[in-house]
file entry.csv (CSV, C-alpha atoms and all ligand atoms)
chain,number,residue,atom,x,y,z
A,1,MET,CA,29.2,0.6,-0.2
A,2,THR,CA,31.0,3.5,-1.8
A,3,SER,CA,31.3,6.9,-0.2
A,4,SER,CA,28.4,9.3,-1.0
A,5,ALA,CA,30.9,11.7,-2.6
A,6,ASP,CA,31.4,9.4,-5.6
A,7,ILE,CA,28.2,7.5,-5.7
A,8,PHE,CA,27.4,8.8,-9.2
A,9,ASP,CA,30.8,8.0,-10.7
A,10,PRO,CA,30.0,5.9,-13.8
A,11,ALA,CA,33.0,3.7,-13.0
A,12,HIS,CA,30.8,2.0,-10.3
A,13,TYR,CA,28.2,1.0,-12.9
A,14,ARG,CA,30.3,-0.7,-15.7
A,15,LYS,CA,29.1,-4.1,-14.8
A,16,ALA,CA,25.5,-3.0,-14.5
A,17,CYS,CA,25.8,-1.5,-18.0
A,18,ALA,CA,27.4,-4.5,-19.6
A,19,PRO,CA,25.2,-6.5,-22.1
A,20,ALA,CA,22.4,-8.3,-20.3
A,21,LEU,CA,23.9,-11.8,-20.1
A,22,GLU,CA,27.3,-10.3,-18.9
A,23,ALA,CA,25.8,-7.9,-16.5
A,24,GLU,CA,25.4,-7.5,-12.8
A,25,MET,CA,22.4,-6.0,-11.1
A,26,LEU,CA,22.6,-2.4,-9.9
A,27,PRO,CA,24.9,-2.0,-6.9
A,28,PRO,CA,23.0,-2.4,-3.6
A,29,TRP,CA,23.2,1.3,-2.6
A,30,CYS,CA,20.9,2.1,-5.6
A,31,TYR,CA,18.1,0.6,-3.5
A,32,THR,CA,19.0,2.1,-0.1
A,33,ALA,CA,21.1,5.3,-0.3
A,34,PRO,CA,19.1,8.5,0.3
A,35,GLU,CA,21.4,10.3,-2.2
A,36,PHE,CA,20.6,7.9,-5.0
A,37,TYR,CA,16.9,8.2,-4.2
A,38,ALA,CA,17.1,12.0,-4.1
A,39,ARG,CA,18.7,11.9,-7.6
A,40,GLU,CA,15.9,9.7,-8.9
A,41,VAL,CA,13.3,12.0,-7.5
A,42,GLU,CA,15.0,15.0,-9.1
A,43,ARG,CA,15.9,13.5,-12.5
A,44,ILE,CA,13.1,10.9,-13.0
A,45,PHE,CA,10.0,11.4,-10.9
A,46,ARG,CA,10.0,15.2,-11.2
A,47,LYS,CA,10.8,15.1,-14.9
A,48,THR,CA,8.5,12.6,-16.4
A,49,TRP,CA,5.0,11.2,-16.4
A,50,ASN,CA,3.7,9.4,-13.2
A,51,PHE,CA,0.7,7.1,-13.4
A,52,VAL,CA,-2.1,8.1,-10.9
A,53,GLY,CA,-4.9,5.7,-11.6
A,54,ARG,CA,-7.8,5.3,-14.0
A,55,ALA,CA,-10.3,7.9,-15.2
A,56,ASP,CA,-13.2,5.6,-14.4
A,57,GLU,CA,-12.2,5.8,-10.8
A,58,ILE,CA,-13.3,9.4,-10.8
A,59,GLN,CA,-16.4,9.1,-12.9
A,60,LYS,CA,-18.8,11.8,-11.6
A,61,PRO,CA,-18.2,15.6,-11.4
A,62,GLY,CA,-16.6,16.2,-8.1
A,63,ASP,CA,-15.0,12.8,-7.7
A,64,TYR,CA,-11.4,13.1,-6.5
A,65,ARG,CA,-8.5,11.1,-5.4
A,66,VAL,CA,-5.3,12.3,-3.7
A,67,PHE,CA,-1.9,10.9,-4.6
A,68,ASP,CA,1.2,11.2,-2.5
A,69,LEU,CA,4.5,10.5,-4.2
A,70,VAL,CA,8.1,11.7,-3.9
A,71,GLY,CA,7.1,14.2,-1.2
A,72,GLU,CA,4.3,15.8,-3.2
A,73,SER,CA,0.6,15.6,-2.7
A,74,VAL,CA,-1.7,16.0,-5.8
A,75,ILE,CA,-5.5,16.1,-6.1
A,76,VAL,CA,-6.8,14.5,-9.3
A,77,LEU,CA,-10.5,15.3,-9.9
A,78,ARG,CA,-13.3,15.5,-12.4
A,79,ASP,CA,-14.6,19.0,-12.8
A,80,LYS,CA,-18.2,20.1,-13.4
A,81,ALA,CA,-17.7,20.0,-17.2
A,82,GLY,CA,-16.4,16.4,-17.0
A,83,ALA,CA,-12.8,17.3,-17.6
A,84,ILE,CA,-10.0,15.7,-15.5
A,85,ARG,CA,-7.8,18.1,-13.7
A,86,ALA,CA,-4.9,17.9,-11.2
A,87,PHE,CA,-3.8,20.4,-8.6
A,88,ALA,CA,-1.2,20.8,-5.9
A,89,ASN,CA,-2.9,19.7,-2.7
A,90,ASN,CA,-2.2,22.8,-0.7
A,91,CYS,CA,-4.2,25.9,0.1
A,92,ARG,CA,-3.1,29.2,-1.5
A,93,HIS,CA,-3.7,31.1,1.7
A,94,ARG,CA,-1.1,29.6,4.1
A,95,GLY,CA,-0.5,26.3,2.5
A,96,THR,CA,-2.6,23.8,4.4
A,97,ARG,CA,-3.2,20.3,2.9
A,98,LEU,CA,-6.7,20.4,1.5
A,99,LEU,CA,-7.9,16.9,0.8
A,100,SER,CA,-6.9,13.3,1.6
A,101,GLY,CA,-8.0,9.9,0.4
A,102,SER,CA,-10.8,9.9,-2.1
A,103,GLY,CA,-14.4,11.0,-2.3
A,104,ASN,CA,-16.8,13.5,-4.0
A,105,CYS,CA,-17.0,17.2,-3.3
A,106,ARG,CA,-18.9,20.2,-4.8
A,107,ALA,CA,-16.0,22.5,-4.1
A,108,ILE,CA,-12.7,22.3,-2.2
A,109,ALA,CA,-12.9,24.0,1.2
A,110,CYS,CA,-9.8,24.5,3.2
A,111,PRO,CA,-10.2,23.2,6.8
A,112,TYR,CA,-8.1,26.1,8.2
A,113,HIS,CA,-9.6,29.5,7.4
A,114,ALA,CA,-12.3,28.2,5.0
A,115,TRP,CA,-11.1,29.5,1.6
A,116,VAL,CA,-13.1,27.7,-1.0
A,117,TYR,CA,-12.0,26.6,-4.5
A,118,ASP,CA,-14.2,25.6,-7.4
A,119,LEU,CA,-13.4,22.3,-9.2
A,120,ASP,CA,-11.6,24.2,-11.9
A,121,GLY,CA,-9.2,25.5,-9.2
A,122,CYS,CA,-10.5,29.1,-9.0
A,123,LEU,CA,-10.7,30.6,-5.6
A,124,ILE,CA,-14.4,31.4,-5.1
A,125,SER,CA,-14.6,32.3,-1.4
A,126,SER,CA,-12.1,34.0,0.9
A,127,LEU,CA,-14.2,35.5,3.6
A,128,GLY,CA,-12.1,37.6,6.0
A,129,MET,CA,-9.8,39.0,3.3
A,130,GLU,CA,-11.7,42.3,2.9
A,131,GLU,CA,-9.0,44.4,4.5
A,132,ALA,CA,-6.1,42.9,2.6
A,133,VAL,CA,-4.9,45.6,0.3
A,134,GLY,CA,-5.1,44.9,-3.4
A,135,PHE,CA,-6.0,41.2,-2.8
A,136,ASP,CA,-7.1,39.7,-6.1
A,137,PRO,CA,-8.7,36.2,-5.7
A,138,ALA,CA,-8.0,35.5,-9.3
A,139,GLN,CA,-4.3,35.3,-8.5
A,140,TYR,CA,-4.8,32.7,-5.8
A,141,GLY,CA,-6.3,29.7,-7.5
A,142,LEU,CA,-5.0,26.2,-6.9
A,143,VAL,CA,-1.6,25.4,-8.6
A,144,PRO,CA,-2.4,23.2,-11.6
A,145,VAL,CA,-0.4,20.1,-12.3
A,146,ARG,CA,-0.2,18.7,-15.8
A,147,VAL,CA,-2.4,15.7,-16.3
A,148,GLU,CA,-2.9,13.6,-19.5
A,149,SER,CA,-4.7,10.3,-20.2
A,150,TRP,CA,-4.2,7.4,-22.5
A,151,GLU,CA,-7.3,5.1,-22.8
A,152,GLY,CA,-8.3,5.9,-19.2
A,153,PHE,CA,-4.8,5.6,-17.7
A,154,LEU,CA,-4.1,9.0,-16.0
A,155,PHE,CA,-0.6,10.4,-15.7
A,156,ILE,CA,0.7,13.6,-14.1
A,157,ALA,CA,3.9,15.5,-14.7
A,158,PHE,CA,5.5,18.0,-12.4
A,159,ASP,CA,7.7,19.4,-15.2
A,160,ALA,CA,6.2,21.9,-17.6
A,161,ALA,CA,8.9,20.9,-20.1
A,162,ALA,CA,8.2,17.2,-20.1
A,163,PRO,CA,7.3,16.1,-23.7
A,164,PRO,CA,3.6,15.1,-24.1
A,165,LEU,CA,2.5,11.8,-22.7
A,166,SER,CA,2.1,10.4,-26.3
A,167,VAL,CA,5.8,10.9,-26.8
A,168,HIS,CA,6.6,9.0,-23.6
A,169,LEU,CA,4.3,6.1,-24.6
A,170,GLY,CA,5.7,5.7,-28.1
A,171,ASP,CA,4.1,2.8,-29.9
A,172,LEU,CA,2.5,1.3,-26.8
A,173,PRO,CA,-1.0,2.6,-27.7
A,174,GLN,CA,-0.9,1.0,-31.1
A,175,ARG,CA,0.5,-2.3,-29.9
A,176,PHE,CA,-2.1,-2.5,-27.1
A,177,ALA,CA,-5.1,-1.1,-29.0
A,178,ALA,CA,-6.8,-4.5,-29.1
A,179,TYR,CA,-7.4,-4.5,-25.3
A,180,ASN,CA,-9.7,-1.4,-25.6
A,181,PHE,CA,-8.6,-0.1,-22.2
A,182,ALA,CA,-10.9,2.9,-22.6
A,183,ASP,CA,-13.8,0.6,-22.1
A,184,MET,CA,-12.5,-1.0,-18.9
A,185,VAL,CA,-13.5,-0.2,-15.4
A,186,CYS,CA,-11.5,-0.7,-12.2
A,187,VAL,CA,-13.6,-2.8,-10.0
A,188,ARG,CA,-11.3,-3.1,-7.0
A,189,ARG,CA,-8.2,-1.4,-5.7
A,190,LYS,CA,-6.1,-2.6,-2.8
A,191,GLU,CA,-3.2,-0.8,-1.2
A,192,TYR,CA,0.0,-2.1,0.4
A,193,ASP,CA,2.6,-0.1,2.3
A,194,LEU,CA,5.9,-1.9,1.7
A,195,ALA,CA,9.4,-1.7,3.1
A,196,CYS,CA,11.2,-1.8,-0.2
A,197,ASN,CA,12.6,0.4,-2.9
A,198,TRP,CA,10.4,1.1,-5.9
A,199,LYS,CA,12.8,-0.6,-8.3
A,200,ILE,CA,12.8,-3.8,-6.4
A,201,TYR,CA,9.1,-4.0,-6.9
A,202,VAL,CA,9.1,-3.3,-10.6
A,203,GLU,CA,12.0,-5.6,-11.3
A,204,ASN,CA,10.2,-8.4,-9.6
A,205,ALA,CA,7.1,-7.8,-11.6
A,206,MET,CA,9.0,-8.0,-14.8
A,207,GLU,CA,11.0,-11.2,-14.4
A,208,ASP,CA,9.9,-14.8,-14.4
A,209,TYR,CA,12.9,-16.3,-12.7
A,210,HIS,CA,11.2,-16.2,-9.3
A,211,THR,CA,7.9,-17.6,-10.2
A,212,PRO,CA,8.6,-21.4,-9.6
A,213,THR,CA,9.9,-20.6,-6.1
A,214,VAL,CA,8.0,-17.5,-4.8
A,215,HIS,CA,4.7,-18.5,-6.5
A,216,ARG,CA,5.1,-22.3,-6.0
A,217,LYS,CA,1.8,-22.6,-4.2
A,218,SER,CA,-0.1,-20.2,-6.5
A,219,ILE,CA,0.6,-19.3,-10.1
A,220,GLY,CA,3.7,-21.4,-10.5
A,221,LEU,CA,6.2,-21.3,-13.4
A,222,GLN,CA,5.8,-18.6,-16.0
A,223,LYS,CA,7.9,-18.3,-19.1
A,224,THR,CA,8.2,-14.9,-20.7
A,225,VAL,CA,10.1,-13.3,-23.6
A,226,LEU,CA,11.2,-9.6,-23.9
A,227,GLU,CA,9.3,-7.7,-26.5
A,228,ALA,CA,11.6,-6.4,-29.2
A,229,GLY,CA,11.5,-3.4,-31.5
A,230,LYS,CA,9.3,-1.1,-29.5
A,231,THR,CA,9.5,2.7,-29.3
A,232,GLY,CA,8.8,4.8,-26.2
A,233,GLU,CA,9.6,4.7,-22.5
A,234,TRP,CA,8.3,1.2,-21.7
A,235,ASP,CA,9.2,-2.4,-21.9
A,236,ALA,CA,7.1,-5.6,-21.9
A,237,VAL,CA,7.6,-9.3,-21.6
A,238,PHE,CA,5.1,-11.7,-23.2
A,239,MET,CA,4.0,-15.1,-21.9
A,240,PRO,CA,2.3,-17.3,-24.5
A,241,SER,CA,-0.7,-19.0,-23.0
A,242,PRO,CA,-4.0,-20.2,-24.6
A,243,ARG,CA,-6.1,-18.8,-21.8
A,244,THR,CA,-6.3,-16.2,-19.1
A,245,ILE,CA,-3.7,-16.4,-16.3
A,246,ALA,CA,-5.8,-14.2,-14.0
A,247,VAL,CA,-7.4,-17.2,-12.3
A,248,LEU,CA,-5.6,-20.1,-10.8
A,249,ALA,CA,-5.7,-23.4,-12.7
A,250,GLU,CA,-8.1,-24.9,-10.1
A,251,ASP,CA,-10.6,-22.1,-10.9
A,252,LEU,CA,-10.6,-22.2,-14.7
A,253,ASP,CA,-14.3,-22.9,-14.7
A,254,GLN,CA,-14.8,-19.4,-13.2
A,255,ALA,CA,-13.1,-17.7,-16.1
A,256,LEU,CA,-15.0,-14.7,-17.6
A,257,PRO,CA,-15.3,-14.1,-21.3
A,258,GLN,CA,-12.5,-12.8,-23.4
A,259,ILE,CA,-12.2,-9.1,-24.2
A,260,ALA,CA,-14.4,-8.5,-27.3
A,261,GLY,CA,-12.5,-8.2,-30.5
A,262,LEU,CA,-9.2,-9.4,-29.0
A,263,ALA,CA,-6.9,-10.5,-31.8
A,264,GLY,CA,-3.3,-10.9,-32.8
A,265,LYS,CA,-0.7,-11.4,-30.1
A,266,PRO,CA,-2.9,-10.2,-27.2
A,267,ALA,CA,-5.2,-13.1,-27.9
A,268,ASP,CA,-2.4,-15.6,-27.5
A,269,GLY,CA,-1.1,-14.8,-24.1
A,270,THR,CA,-0.2,-12.2,-21.4
A,271,PHE,CA,1.8,-9.1,-21.5
A,272,PHE,CA,3.6,-7.8,-18.4
A,273,THR,CA,4.5,-4.2,-19.1
A,274,VAL,CA,6.4,-1.4,-17.3
A,275,ILE,CA,5.8,2.1,-18.4
A,276,TYR,CA,8.9,3.8,-17.0
A,277,PRO,CA,9.6,4.7,-14.3
A,278,CYS,CA,7.2,2.5,-12.3
A,279,THR,CA,3.8,1.8,-13.8
A,280,PHE,CA,3.2,-1.9,-14.2
A,281,PHE,CA,0.3,-3.5,-15.8
A,282,ALA,CA,-0.5,-7.0,-16.9
A,283,THR,CA,-3.0,-7.8,-19.7
A,284,THR,CA,-4.4,-11.2,-20.2
A,285,GLN,CA,-7.2,-12.4,-22.4
A,286,ASP,CA,-10.1,-11.3,-20.2
A,287,CYS,CA,-8.8,-8.4,-17.9
A,288,MET,CA,-6.0,-6.1,-16.9
A,289,TRP,CA,-4.5,-5.4,-13.6
A,290,PHE,CA,-2.2,-2.5,-12.8
A,291,LEU,CA,0.3,-1.9,-10.1
A,292,GLN,CA,1.0,1.7,-9.1
A,293,GLU,CA,4.1,2.3,-7.1
A,294,PHE,CA,4.3,5.5,-5.1
A,295,PRO,CA,7.9,5.9,-3.9
A,296,GLN,CA,7.9,7.3,-0.3
A,297,GLY,CA,11.6,7.1,0.3
A,298,PRO,CA,14.6,4.9,-0.6
A,299,GLY,CA,13.2,1.9,1.3
A,300,ARG,CA,9.5,2.6,1.3
A,301,THR,CA,6.9,2.2,-1.5
A,302,LYS,CA,3.1,2.4,-1.5
A,303,VAL,CA,1.8,-0.2,-3.9
A,304,VAL,CA,-1.8,-0.1,-5.3
A,305,ILE,CA,-3.2,-3.0,-7.3
A,306,GLY,CA,-6.2,-2.2,-9.5
A,307,SER,CA,-8.4,-4.9,-11.1
A,308,CYS,CA,-9.9,-3.9,-14.4
A,309,PHE,CA,-12.5,-5.6,-16.7
A,310,PRO,CA,-14.4,-4.6,-19.8
A,311,ARG,CA,-17.8,-2.9,-19.0
A,312,ALA,CA,-19.7,-5.7,-20.7
A,313,THR,CA,-18.0,-8.2,-18.4
A,314,VAL,CA,-18.8,-6.3,-15.3
A,315,ALA,CA,-22.4,-6.0,-16.4
A,316,ARG,CA,-22.9,-9.8,-16.5
A,317,PRO,CA,-25.1,-11.3,-13.9
A,318,ASP,CA,-22.4,-13.8,-12.9
A,319,PHE,CA,-19.7,-11.2,-12.6
A,320,ALA,CA,-19.9,-10.7,-8.9
A,321,LEU,CA,-19.6,-14.4,-8.3
A,322,LYS,CA,-16.9,-15.2,-10.8
A,323,VAL,CA,-14.7,-12.3,-10.0
A,324,GLU,CA,-14.0,-13.8,-6.6
A,325,ALA,CA,-11.8,-16.4,-8.3
A,326,TYR,CA,-9.7,-13.5,-9.8
A,327,TYR,CA,-9.5,-11.8,-6.4
A,328,LYS,CA,-8.4,-15.0,-4.9
A,329,ARG,CA,-5.5,-15.3,-7.4
A,330,TRP,CA,-4.4,-11.7,-6.9
A,331,ASP,CA,-4.7,-11.9,-3.1
A,332,LYS,CA,-2.6,-15.0,-3.1
A,333,ALA,CA,0.2,-14.1,-5.6
A,334,LEU,CA,0.7,-10.4,-4.7
A,335,PRO,CA,1.4,-10.9,-1.0
A,336,GLU,CA,4.0,-13.5,-2.2
A,337,ASP,CA,5.7,-10.8,-4.3
A,338,ASN,CA,5.3,-8.2,-1.5
A,339,ALA,CA,7.1,-10.5,1.0
A,340,ILE,CA,10.0,-11.4,-1.2
A,341,SER,CA,10.4,-7.7,-2.2
A,342,GLU,CA,10.7,-6.7,1.5
A,343,ARG,CA,13.1,-9.6,2.1
A,344,GLN,CA,15.3,-8.5,-0.8
A,345,GLN,CA,15.4,-5.0,0.5
A,346,ALA,CA,16.4,-6.3,3.9
A,347,GLY,CA,19.2,-8.2,2.4
A,348,LEU,CA,20.4,-5.3,0.2
A,349,ALA,CA,20.4,-3.0,3.2
A,350,SER,CA,23.4,-4.9,4.7
A,351,SER,CA,26.8,-3.2,4.3
A,352,LEU,CA,28.0,-6.7,3.3
A,353,ALA,CA,25.6,-6.9,0.3
A,354,ARG,CA,27.3,-7.1,-3.1
A,355,ALA,CA,25.8,-6.9,-6.6
A,356,GLY,CA,25.1,-10.3,-8.2
A,357,ARG,CA,24.9,-11.5,-11.8
A,358,LEU,CA,21.7,-11.6,-13.8
A,359,SER,CA,20.2,-14.7,-15.5
A,360,GLY,CA,18.7,-15.1,-18.9
A,361,HIS,CA,15.3,-14.8,-17.2
A,362,GLU,CA,15.9,-11.2,-16.2
A,363,PRO,CA,16.4,-9.1,-19.4
A,364,ALA,CA,13.8,-6.6,-18.1
A,365,VAL,CA,15.7,-6.2,-14.8
A,366,HIS,CA,18.7,-5.2,-16.8
A,367,ARG,CA,16.7,-2.8,-18.9
A,368,ILE,CA,15.1,-1.2,-15.8
A,369,GLY,CA,18.5,-0.6,-14.1
A,370,ASN,CA,20.0,0.8,-17.3
A,371,TRP,CA,17.0,3.1,-17.8
A,372,VAL,CA,17.5,4.5,-14.4
A,373,LEU,CA,21.3,4.9,-14.8
A,374,ASP,CA,20.8,6.7,-18.1
A,375,ARG,CA,19.0,9.4,-16.1
A,376,VAL,CA,20.7,9.6,-12.8
A,377,LEU,CA,24.4,9.3,-13.7
A,378,ASP,CA,26.4,12.5,-14.5
A,379,ASP,CA,27.3,11.1,-17.8
A,380,THR,CA,26.9,7.7,-19.6
A,381,ALA,CA,30.5,7.0,-19.9
A,382,ALA,CA,29.8,3.6,-18.3
A,383,LYS,CA,28.1,2.6,-21.5
A,384,GLY,CA,31.4,2.9,-23.2
A,385,ALA,CA,32.6,-0.2,-21.4
A,386,GLN,CA,30.1,-2.3,-23.4
B,401,LIG,S1,-4.5,28.0,5.0
B,401,LIG,FE1,-6.3,27.5,3.8
B,401,LIG,S2,-7.7,29.1,4.4
B,401,LIG,FE2,-5.9,29.5,5.5
B,402,FE,FE,5.8,-12.5,-8.8
call {"tool": "encode", "arguments": {"input": "entry.csv", "output": "structure tokens"}}
result
Amino acid sequence: MTSSADIFDPAHYRKACAPALEAEMLPPWCYTAPEFYAREVERIFRKTWNFVGRADEIQKPGDYRVFDLVGESVIVLRDKAGAIRAFANNCRHRGTRLLSGSGNCRAIACPYHAWVYDLDGCLISSLGMEEAVGFDPAQYGLVPVRVESWEGFLFIAFDAAAPPLSVHLGDLPQRFAAYNFADMVCVRRKEYDLACNWKIYVENAMEDYHTPTVHRKSIGLQKTVLEAGKTGEWDAVFMPSPRTIAVLAEDLDQALPQIAGLAGKPADGTFFTVIYPCTFFATTQDCMWFLQEFPQGPGRTKVVIGSCFPRATVARPDFALKVEAYYKRWDKALPEDNAISERQQAGLASSLARAGRLSGHEPAVHRIGNWVLDRVLDDTAAKGAQ
């Protein structure tokens, strides 16, 4: 471990920035040091788009969900006109946290002195403020947070200067159009509170090297290839396969129908995709599942897995029965990833830990590390070593 004073010196990262097959992983402190994490929060999470779930999860006016990430709490809701909005989750009177979890509300009432906000954020009741001189309720609406959507995927940005979501996504929407995500619904979400850095979790999700060992008793070996020639802040690996990989081999008779109209490469296998910094989703022939990572600190991440199917599939009479085979697969494989991620974090927390070399199975791990370094280092001089 280097001293905190020079932790951002590009000289420490020359091996991480070397070409993939010559490269080492990021130095261990990138996963454990509070200073490194603080830099990521400042230069990544506060600057760019963060995935906060699916629009179909807040379907009716008044449906809301609260998201806590990098020290912020944000309410995402559907207003009375059907529009999706996001607000800072604190009262404009004296700052109290307003909502938690998820639910439905007709208005947002503060539990402290009962100020009430409409679903568009306007302050509509502030009883007791009559004597306050020159108090104008119109000046004390909820603080809005930018929210944009792509085919039902909702993203928020804390930075007013962040380019539009469409710029962040590049050509991802065109490449994935065949999946028709806008028509999908999230039928189950499950949360895990993990003792690992957010990068550990994304890196694991994007490499196949671990599959024959970690997933020996579940999904087994997977062979993936990095997608080339894309534009935008994302990466994907593709696993050719003639059928869905969202059920275990023993449950293939429970497989649900393919996504209607699926054609081209999406019909021939599975994509594992990261939208930087840490939105992961997998798309196979019949469904999509996403992993949201909400960083809580250098060694703590809340992970949410959401299971999404086309509306027509969900409407089938046999859906409730057959989806159990999918849940079985996710409930088997994901805890395997969770456990190994926490175990890697524990190892990297040692002062004796050293960066290791990457294999040919881990091009995305290299790209994730370099994407982060491009943003957190003071300059990119380390790249000059390539
Ligand atoms: S802090 Fe919300 S009403 Fe006082
Ligand atoms: Fe895995």
call {"tool": "closest_residue", "arguments": {"input": "entry.csv", "among": "A:Leu127, A:Ala236, A:Leu221, A:Cys278", "to": "ligand LIG 401 (chain B)", "atoms": "only C-alpha atoms and all ligand atoms"}}
result
A:Leu127
call {"tool": "closest_residue", "arguments": {"input": "entry.csv", "among": "A:Cys110, A:Ala246, A:Leu377, A:Val314", "to": "ligand LIG 401 (chain B)", "atoms": "all atoms listed in the file"}}
result
A:Cys110
call {"tool": "residues_around", "arguments": {"input": "entry.csv", "residues": "Asn180 of chain A", "least_positions_apart": "2", "cutoff": "9 Å", "atoms": "only C-alpha atoms", "output": "list in words"}}
result
Glu151, Phe176, Ala177, Ala178, Ala182, Asp183, Met184, Ile259, Ala260, Gly261, Leu262 and Pro310 of chain A
call {"tool": "residues_around", "arguments": {"input": "entry.csv", "residues": "Leu334 of chain A", "least_positions_apart": "5", "cutoff": "9 Å", "atoms": "all atoms listed in the file", "output": "list in words"}}
result
Ile305, Arg329 and Ala339 of chain A
call {"tool": "write_last_selection", "arguments": {"input": "entry.csv", "atoms": "C-alpha atoms", "output": "CSV table (one decimal), in the frame of the given file"}}
result
chain,number,residue,atom,x,y,z
A,305,ILE,CA,-3.2,-3.0,-7.3
A,329,ARG,CA,-5.5,-15.3,-7.4
A,339,ALA,CA,7.1,-10.5,1.0
call {"tool": "closest_atom_pairs", "arguments": {"input": "entry.csv", "of": "chain A", "to": "ligand LIG 401 (chain B)", "cutoff": "9 Å", "atoms": "only C-alpha atoms and all ligand atoms", "output": "CSV"}}
result
residue,atom,partner,partner_atom,distance
A:Asn90,CA,B:LIG401,FE1,7.7
A:Cys91,CA,B:LIG401,FE1,4.5
A:Arg92,CA,B:LIG401,FE1,6.4
A:His93,CA,B:LIG401,S1,4.6
A:Arg94,CA,B:LIG401,S1,3.9
A:Gly95,CA,B:LIG401,S1,5.0
A:Thr96,CA,B:LIG401,S1,4.6
A:Arg97,CA,B:LIG401,FE1,7.9
A:Leu98,CA,B:LIG401,FE1,7.5
A:Ala109,CA,B:LIG401,FE1,7.9
A:Cys110,CA,B:LIG401,FE1,4.6
A:Pro111,CA,B:LIG401,FE1,6.5
A:Tyr112,CA,B:LIG401,S2,4.9
A:His113,CA,B:LIG401,S2,3.6
A:Ala114,CA,B:LIG401,S2,4.7
A:Trp115,CA,B:LIG401,S2,4.4
A:Val116,CA,B:LIG401,S2,7.8
A:Ser126,CA,B:LIG401,S2,7.5
call {"tool": "residues_near_ligand", "arguments": {"input": "entry.csv", "ligand": "ligand FE 402 (chain B)", "cutoff": "9 Å", "atoms": "only C-alpha atoms and all ligand atoms", "output": "VMD selection string"}}
result
chain A and resid 204 to 211 214 to 215 219 333 to 334 336 to 338 340
call {"tool": "closest_atom_pairs", "arguments": {"input": "entry.csv", "of": "segment 164-264 of chain A", "to": "segment 12-25 of chain A", "cutoff": "12 Å", "atoms": "all atoms listed in the file", "output": "JSON lines"}}
result
{"residue": "A:Lys199", "atom": "CA", "partner": "A:Met25", "partner_atom": "CA", "distance": 11.4}
{"residue": "A:Ile200", "atom": "CA", "partner": "A:Met25", "partner_atom": "CA", "distance": 10.9}
{"residue": "A:Glu203", "atom": "CA", "partner": "A:Met25", "partner_atom": "CA", "distance": 10.4}
{"residue": "A:Leu226", "atom": "CA", "partner": "A:Ala20", "partner_atom": "CA", "distance": 11.8}
call {"tool": "write_last_selection", "arguments": {"input": "entry.csv", "atoms": "C-alpha atoms", "output": "PDB file, in the coordinates of the input"}}
result
ATOM      1  CA  LYS A 199      12.800  -0.600  -8.300  1.00  0.00           C
ATOM      2  CA  ILE A 200      12.800  -3.800  -6.400  1.00  0.00           C
ATOM      3  CA  GLU A 203      12.000  -5.600 -11.300  1.00  0.00           C
ATOM      4  CA  LEU A 226      11.200  -9.600 -23.900  1.00  0.00           C
TER       5      LEU A 226
END
call {"tool": "residues_around", "arguments": {"input": "entry.csv", "residues": "Arg300 of chain A", "least_positions_apart": "3", "cutoff": "8 Å", "atoms": "all atoms listed in the file", "output": "PDB file with C-alpha atoms, keeping the file's coordinate frame"}}
result
ATOM      1  CA  ASP A 193       2.600  -0.100   2.300  1.00  0.00           C
ATOM      2  CA  LEU A 194       5.900  -1.900   1.700  1.00  0.00           C
ATOM      3  CA  ALA A 195       9.400  -1.700   3.100  1.00  0.00           C
ATOM      4  CA  CYS A 196      11.200  -1.800  -0.200  1.00  0.00           C
ATOM      5  CA  ASN A 197      12.600   0.400  -2.900  1.00  0.00           C
ATOM      6  CA  TRP A 198      10.400   1.100  -5.900  1.00  0.00           C
ATOM      7  CA  PRO A 295       7.900   5.900  -3.900  1.00  0.00           C
ATOM      8  CA  GLN A 296       7.900   7.300  -0.300  1.00  0.00           C
ATOM      9  CA  GLY A 297      11.600   7.100   0.300  1.00  0.00           C
TER      10      GLY A 297
END
call {"tool": "residues_around", "arguments": {"input": "entry.csv", "residues": "segment 325-328 of chain A", "least_positions_apart": "4", "cutoff": "10 Å", "atoms": "all atoms listed in the file", "output": "list of chain:residue names"}}
result
A:Arg188, A:Ser218, A:Ile245, A:Ala246, A:Val247, A:Leu248, A:Glu250, A:Asp251, A:Leu252, A:Asp253, A:Gln254, A:Ala255, A:Leu256, A:Cys287, A:Ser307, A:Ala320, A:Leu321, A:Lys332, A:Ala333
call {"tool": "write_last_selection", "arguments": {"input": "entry.csv", "atoms": "C-alpha atoms", "output": "CSV table (one decimal), in the coordinates of the input"}}
result
chain,number,residue,atom,x,y,z
A,188,ARG,CA,-11.3,-3.1,-7.0
A,218,SER,CA,-0.1,-20.2,-6.5
A,245,ILE,CA,-3.7,-16.4,-16.3
A,246,ALA,CA,-5.8,-14.2,-14.0
A,247,VAL,CA,-7.4,-17.2,-12.3
A,248,LEU,CA,-5.6,-20.1,-10.8
A,250,GLU,CA,-8.1,-24.9,-10.1
A,251,ASP,CA,-10.6,-22.1,-10.9
A,252,LEU,CA,-10.6,-22.2,-14.7
A,253,ASP,CA,-14.3,-22.9,-14.7
A,254,GLN,CA,-14.8,-19.4,-13.2
A,255,ALA,CA,-13.1,-17.7,-16.1
A,256,LEU,CA,-15.0,-14.7,-17.6
A,287,CYS,CA,-8.8,-8.4,-17.9
A,307,SER,CA,-8.4,-4.9,-11.1
A,320,ALA,CA,-19.9,-10.7,-8.9
A,321,LEU,CA,-19.6,-14.4,-8.3
A,332,LYS,CA,-2.6,-15.0,-3.1
A,333,ALA,CA,0.2,-14.1,-5.6
call {"tool": "closest_residue", "arguments": {"input": "entry.csv", "among": "A:Lys265, A:Arg85, A:Arg216, A:Arg54", "to": "Val304 of chain A", "atoms": "all atoms listed in the file"}}
result
A:Arg54
